[in-house]
Amino acid sequence: MSMQRIVIVGAGQGGLQAAVSLRQEGHNGPITLIGSETHLPYQRPPLSKAYLKTGEAESLRLRPQSYFDDQDITLMLGTSVTRIDTAARQVVHAAGSVPYDHLILATGTRNLRPGFPGVERALDLRTLDDALALRQAMANAKSVAIIGGGFIGLEFAAVARGFGLTVIVAEAGPRLMGRVVSPAMSDRFLAMHREMGTRVMLGAPVTEVTDDGILAGGEAVPADLVVLAAGVRPNSELAQQAGLETDNGVRTDAQLLTSDPAISALGDCAAFPDPATGRLVRLESVQAATDHARLIARRLTKGMTGPYAAVPWFWSDQGSSKLQIAGFAATDDLSVTRADGAVLRFAGDHLSAIETVNDPRTHMQARKLFAKGARPTRDILRAHDYEIASILR
Ligand code: FAD
């Protein structure tokens with residue numbers, strides 16, 4: 001079992017963690033990590049935060065080249081897998097093929113590029129090469145228009161304001177980060193960004209990138225630079241073409257196995273059953289990518305068969321505000337805002353997530369609560385004044 005050949009497609013956060021965890025768990029067989037990008041595996045979160053300020057790419061690196069040499073992990077960078085041959089159990093790339101006994105798909109997501117005119121003029125912020133290009137473009141810009149008021153667009157907006165640029169965020173929906181946070185948290189961040197001097201346009205779909213800016217909600221908004229942060233699509237085409245089940249991502253069971261028992265999927269590209277509700281979800285977070293990888297490594301080395309049950313958590317740094325989310329809420333989950341600003345979300349009557357700002361203590365308490373499998377009702381929480389510490393006791 002432990003000599004089986006494991007191939008990982010995608011050398012990002014989750015793919016790298018899968019290779020690391022496999023060796024840590026005692027897998028002795030060959031591991032091949034294949035990635036389209038030419039850089040050693042690196043972390044993306046700083047690309048919209050510290051990296052834009054410092055330009056230090058080395059600190060993003062997850063492991064040095066010597067790690068792969070020492071651990072006997074074959075790293076194939078600058079190599080895109082074009083096809084999975086499930087019958088022959090091999091992955092195919094431009095220069096050949098690599099056989100596997102077990103395949104892990106860690107292909108992540110790519111930026112959604114809407115089809116409106118001029119979109120090719122907008123810069124992306126997904127890869128290290130994107131961030132490098134953006135940093136250079138910012139040096140010559142006085143104003144920037146950001147298409148999309150989600151986490152990445154808003155983190156970038158805060159950095160750009162810090163550089164003294166005129167910043168406009170155009171969001172098609174009625175509120176910021178609308179897919180993932182409560183209305184109260186959207187309002188709080190709207191106020192914060194406006195206080196920072198950013199012009200935030202809501203309900204303003206962008207329909208064109210023009211020679212001198214964007215057309216948002218029918219209004220011509222001038223900008224030297226346009227950044228596209230309008231969401232992502234899972235890279236699930238390889239799986240789809242190989243006949244695996246897909247549904248807004250590569251569909252897996254509770255152990256992150258795809259519909260082919262020789263193939264697992266993890267991270268941003270995987271649609272898996274949420275342990276709390278059973279709903280099929282796809283999470284775009286470092287936590288999900290790394291915890292998925294650890295579970296798959298344990299399953300492949302130890303034959304462990306327990307379902308994936310890690311508590312989801314997430315963070316976003318925008319200006320001086322650190323937003324943290326523990327748990328997972330659907331867009332329409334109800335919210336209760338505590339006097340200190342923490343927001344508790346409820347799926348039906350049960351606690352689903354807790355959102356906090358600059359309050360790591362409550363965030364950690366929430367993670368502890370969810371880790372115990374506790375999903376207290378609103379009545380119970382109300383009886384405890386919505387104090388998580390009190391419930392934990
Ligand atoms: P990725 O890390 O995206 O890696 C996928 C890799 O697969 C890519 O390198 C891609 O090139 C490669 N690939 C795809 N197809 C192929 C193929 N056919 N052949 C070979 N290689 C292929 N998360 C947080 O939790 N907190 C944050 O604050 C945060 N900030 C972020 C800021 C930015 C700017 C971005 C872009 C993301 C941020 N994220 C954040 C999200 C987080 O980085 C991702 O959830 C995480 O990287 C997912 O890991 P992954 O391994 O699934 O995918």
# chains A, B, ... in the order shown; residues from 1 in each chain; ligands from 1
>>> select_by_dssp(residues="range 173-269 of chain A", states="alpha helix (DSSP H)", output="PyMOL selection string")
chain A and resi 183-195+237-241
>>> write_last_selection(atoms="N, CA and C atoms", output="mmCIF file, in the first residue's frame")
data_model
loop_
_atom_site.group_PDB
_atom_site.id
_atom_site.type_symbol
_atom_site.label_atom_id
_atom_site.label_comp_id
_atom_site.auth_asym_id
_atom_site.auth_seq_id
_atom_site.Cartn_x
_atom_site.Cartn_y
_atom_site.Cartn_z
ATOM 1 N N PRO A 183 -25.439 40.561 6.302
ATOM 2 C CA PRO A 183 -25.677 41.957 5.903
ATOM 3 C C PRO A 183 -25.038 42.949 6.876
ATOM 4 N N ALA A 184 -25.048 42.630 8.174
ATOM 5 C CA ALA A 184 -24.461 43.556 9.157
ATOM 6 C C ALA A 184 -22.965 43.727 8.903
ATOM 7 N N MET A 185 -22.291 42.614 8.556
ATOM 8 C CA MET A 185 -20.850 42.701 8.316
ATOM 9 C C MET A 185 -20.588 43.437 7.005
ATOM 10 N N SER A 186 -21.439 43.217 6.008
ATOM 11 C CA SER A 186 -21.297 43.976 4.748
ATOM 12 C C SER A 186 -21.369 45.474 5.031
ATOM 13 N N ASP A 187 -22.350 45.866 5.849
ATOM 14 C CA ASP A 187 -22.534 47.298 6.151
ATOM 15 C C ASP A 187 -21.319 47.865 6.874
ATOM 16 N N ARG A 188 -20.814 47.083 7.812
ATOM 17 C CA ARG A 188 -19.660 47.554 8.601
ATOM 18 C C ARG A 188 -18.448 47.798 7.688
ATOM 19 N N PHE A 189 -18.227 46.878 6.760
ATOM 20 C CA PHE A 189 -17.063 47.042 5.872
ATOM 21 C C PHE A 189 -17.310 48.115 4.813
ATOM 22 N N LEU A 190 -18.568 48.292 4.440
ATOM 23 C CA LEU A 190 -18.892 49.382 3.517
ATOM 24 C C LEU A 190 -18.510 50.719 4.163
ATOM 25 N N ALA A 191 -18.921 50.872 5.416
ATOM 26 C CA ALA A 191 -18.613 52.123 6.133
ATOM 27 C C ALA A 191 -17.100 52.290 6.269
ATOM 28 N N MET A 192 -16.420 51.212 6.583
ATOM 29 C CA MET A 192 -14.967 51.278 6.783
ATOM 30 C C MET A 192 -14.256 51.703 5.489
ATOM 31 N N HIS A 193 -14.646 51.083 4.372
ATOM 32 C CA HIS A 193 -13.973 51.431 3.107
ATOM 33 C C HIS A 193 -14.304 52.870 2.694
ATOM 34 N N ARG A 194 -15.535 53.279 2.946
ATOM 35 C CA ARG A 194 -15.882 54.661 2.596
ATOM 36 C C ARG A 194 -15.092 55.635 3.466
ATOM 37 N N GLU A 195 -14.937 55.286 4.737
ATOM 38 C CA GLU A 195 -14.128 56.139 5.629
ATOM 39 C C GLU A 195 -12.682 56.224 5.134
ATOM 40 N N GLU A 237 -12.442 20.923 -15.322
ATOM 41 C CA GLU A 237 -12.611 20.384 -16.679
ATOM 42 C C GLU A 237 -11.876 19.058 -16.869
ATOM 43 N N LEU A 238 -10.667 18.946 -16.301
ATOM 44 C CA LEU A 238 -9.917 17.680 -16.414
ATOM 45 C C LEU A 238 -10.768 16.525 -15.907
ATOM 46 N N ALA A 239 -11.365 16.740 -14.742
ATOM 47 C CA ALA A 239 -12.188 15.705 -14.115
ATOM 48 C C ALA A 239 -13.415 15.412 -14.969
ATOM 49 N N GLN A 240 -14.030 16.479 -15.438
ATOM 50 C CA GLN A 240 -15.245 16.333 -16.252
ATOM 51 C C GLN A 240 -14.957 15.529 -17.518
ATOM 52 N N GLN A 241 -13.838 15.892 -18.181
ATOM 53 C CA GLN A 241 -13.483 15.183 -19.421
ATOM 54 C C GLN A 241 -13.145 13.718 -19.155
#
>>> residues_near_ligand(ligand="ligand 1", cutoff="8 Å", atoms="only C-alpha atoms and all ligand atoms", output="ChimeraX atom specification")
/A:9-16,34-37,41-49,78-83,93,106-110,125-127,151-152,235,238,266-270,283-290,313-317
>>> closest_residue(among="A:Val357, A:Ile84, A:Ile380, A:Ile147", to="Ser321 in chain A", atoms="only C-alpha atoms")
A:Val357
>>> closest_atom_pairs(of="range 135-236 of chain A", to="range 325-341 of chain A", cutoff="7 Å", atoms="only C-alpha atoms", output="Markdown table")
| residue | atom | partner | partner_atom | distance |
| --- | --- | --- | --- | --- |
| A:Arg179 | CA | A:Thr331 | CA | 5.4 |
| A:Val180 | CA | A:Thr331 | CA | 6.0 |
| A:Ser182 | CA | A:Ser335 | CA | 6.5 |
>>> write_last_selection(atoms="all heavy atoms", output="CSV table (one decimal), in the first residue's frame")
chain,number,residue,atom,x,y,z
A,179,ARG,N,-22.0,37.1,-0.8
A,179,ARG,CA,-22.1,35.7,-0.9
A,179,ARG,C,-21.8,35.0,0.4
A,179,ARG,O,-22.3,34.0,0.8
A,179,ARG,CB,-21.2,35.2,-2.0
A,179,ARG,CG,-21.6,33.8,-2.6
A,179,ARG,CD,-20.7,33.6,-3.9
A,179,ARG,NE,-19.3,34.0,-3.8
A,179,ARG,CZ,-18.3,33.1,-3.4
A,179,ARG,NH1,-18.6,31.9,-3.1
A,179,ARG,NH2,-17.1,33.6,-3.3
A,180,VAL,N,-20.9,35.7,1.2
A,180,VAL,CA,-20.3,35.0,2.3
A,180,VAL,C,-20.5,35.6,3.7
A,180,VAL,O,-20.3,34.9,4.7
A,180,VAL,CB,-18.8,34.7,2.1
A,180,VAL,CG1,-18.5,33.4,1.5
A,180,VAL,CG2,-18.2,35.8,1.3
A,182,SER,N,-22.7,38.2,6.6
A,182,SER,CA,-24.0,38.7,7.0
A,182,SER,C,-24.2,40.1,6.4
A,182,SER,O,-23.2,40.9,6.2
A,182,SER,CB,-24.1,38.7,8.5
A,182,SER,OG,-23.1,39.6,9.0
>>> atom_distance(atom1="CA of Val91 in chain A", atom2="CA of Val250 in chain A")
16.4 Å
>>> select_by_dssp(residues="range 36-155 of chain A", states="strand (DSSP E)", output="list in words")
Ile73, Thr74, Leu75, Met76, Val81, Thr82, Arg83, Ile84, Asp85, Gln90, Val91, Val92, His93, Gly96, Ser97, Val98, Pro99, His102, Leu103, Ile104, Leu105, Thr109, Arg110, Asn111, Ser143, Val144, Ala145, Ile146 and Ile147 of chain A
>>> closest_residue(among="A:Val144, A:Ala122, A:Ile391, A:Met3", to="Val159 in chain A", atoms="only C-alpha atoms")
A:Val144
>>> closest_residue(among="A:His292, A:Pro275, A:Ile214, A:Gln324", to="Phe370 in chain A", atoms="only C-alpha atoms")
A:Pro275
>>> residues_around(residues="range 94-101 of chain A", least_positions_apart="6", cutoff="7 Å", atoms="only C-alpha atoms", output="PyMOL selection string")
chain A and resi 4-7+262
>>> write_last_selection(atoms="N, CA and C atoms", output="PDB file, in the first residue's frame")
ATOM      1  N   GLN A   4       2.586   2.698  -3.230  1.00  0.00           N
ATOM      2  CA  GLN A   4       1.823   3.111  -4.407  1.00  0.00           C
ATOM      3  C   GLN A   4       2.289   4.482  -4.921  1.00  0.00           C
ATOM      4  N   ARG A   5       2.167   4.633  -6.240  1.00  0.00           N
ATOM      5  CA  ARG A   5       2.618   5.878  -6.880  1.00  0.00           C
ATOM      6  C   ARG A   5       1.498   6.914  -6.764  1.00  0.00           C
ATOM      7  N   ILE A   6       1.814   8.012  -6.085  1.00  0.00           N
ATOM      8  CA  ILE A   6       0.792   9.049  -5.918  1.00  0.00           C
ATOM      9  C   ILE A   6       1.174  10.262  -6.750  1.00  0.00           C
ATOM     10  N   VAL A   7       0.239  10.676  -7.579  1.00  0.00           N
ATOM     11  CA  VAL A   7       0.450  11.857  -8.419  1.00  0.00           C
ATOM     12  C   VAL A   7      -0.529  12.940  -7.962  1.00  0.00           C
ATOM     13  N   ALA A 262      -9.878   5.705  -7.530  1.00  0.00           N
ATOM     14  CA  ALA A 262      -8.423   5.927  -7.593  1.00  0.00           C
ATOM     15  C   ALA A 262      -8.096   7.416  -7.651  1.00  0.00           C
TER      16      ALA A 262
END
>>> closest_residue(among="A:Gln17, A:Asp359, A:Asn111, A:Ile8", to="Thr74 in chain A", atoms="only C-alpha atoms")
A:Ile8
>>> atom_distance(atom1="CA of Thr252 in chain A", atom2="CA of Leu280 in chain A")
9.0 Å
>>> closest_residue(among="A:Arg89, A:Ala19, A:Tyr51, A:Asp247", to="Arg63 in chain A", atoms="only C-alpha atoms")
A:Ala19
>>> closest_residue(among="A:Gly306, A:Gly319, A:Pro234, A:Gly243", to="Gly162 in chain A", atoms="only C-alpha atoms")
A:Gly319
>>> residues_around(residues="Ala141 in chain A", least_positions_apart="5", cutoff="8 Å", atoms="only C-alpha atoms", output="list in words")
Leu165, Asp224 and Leu225 of chain A
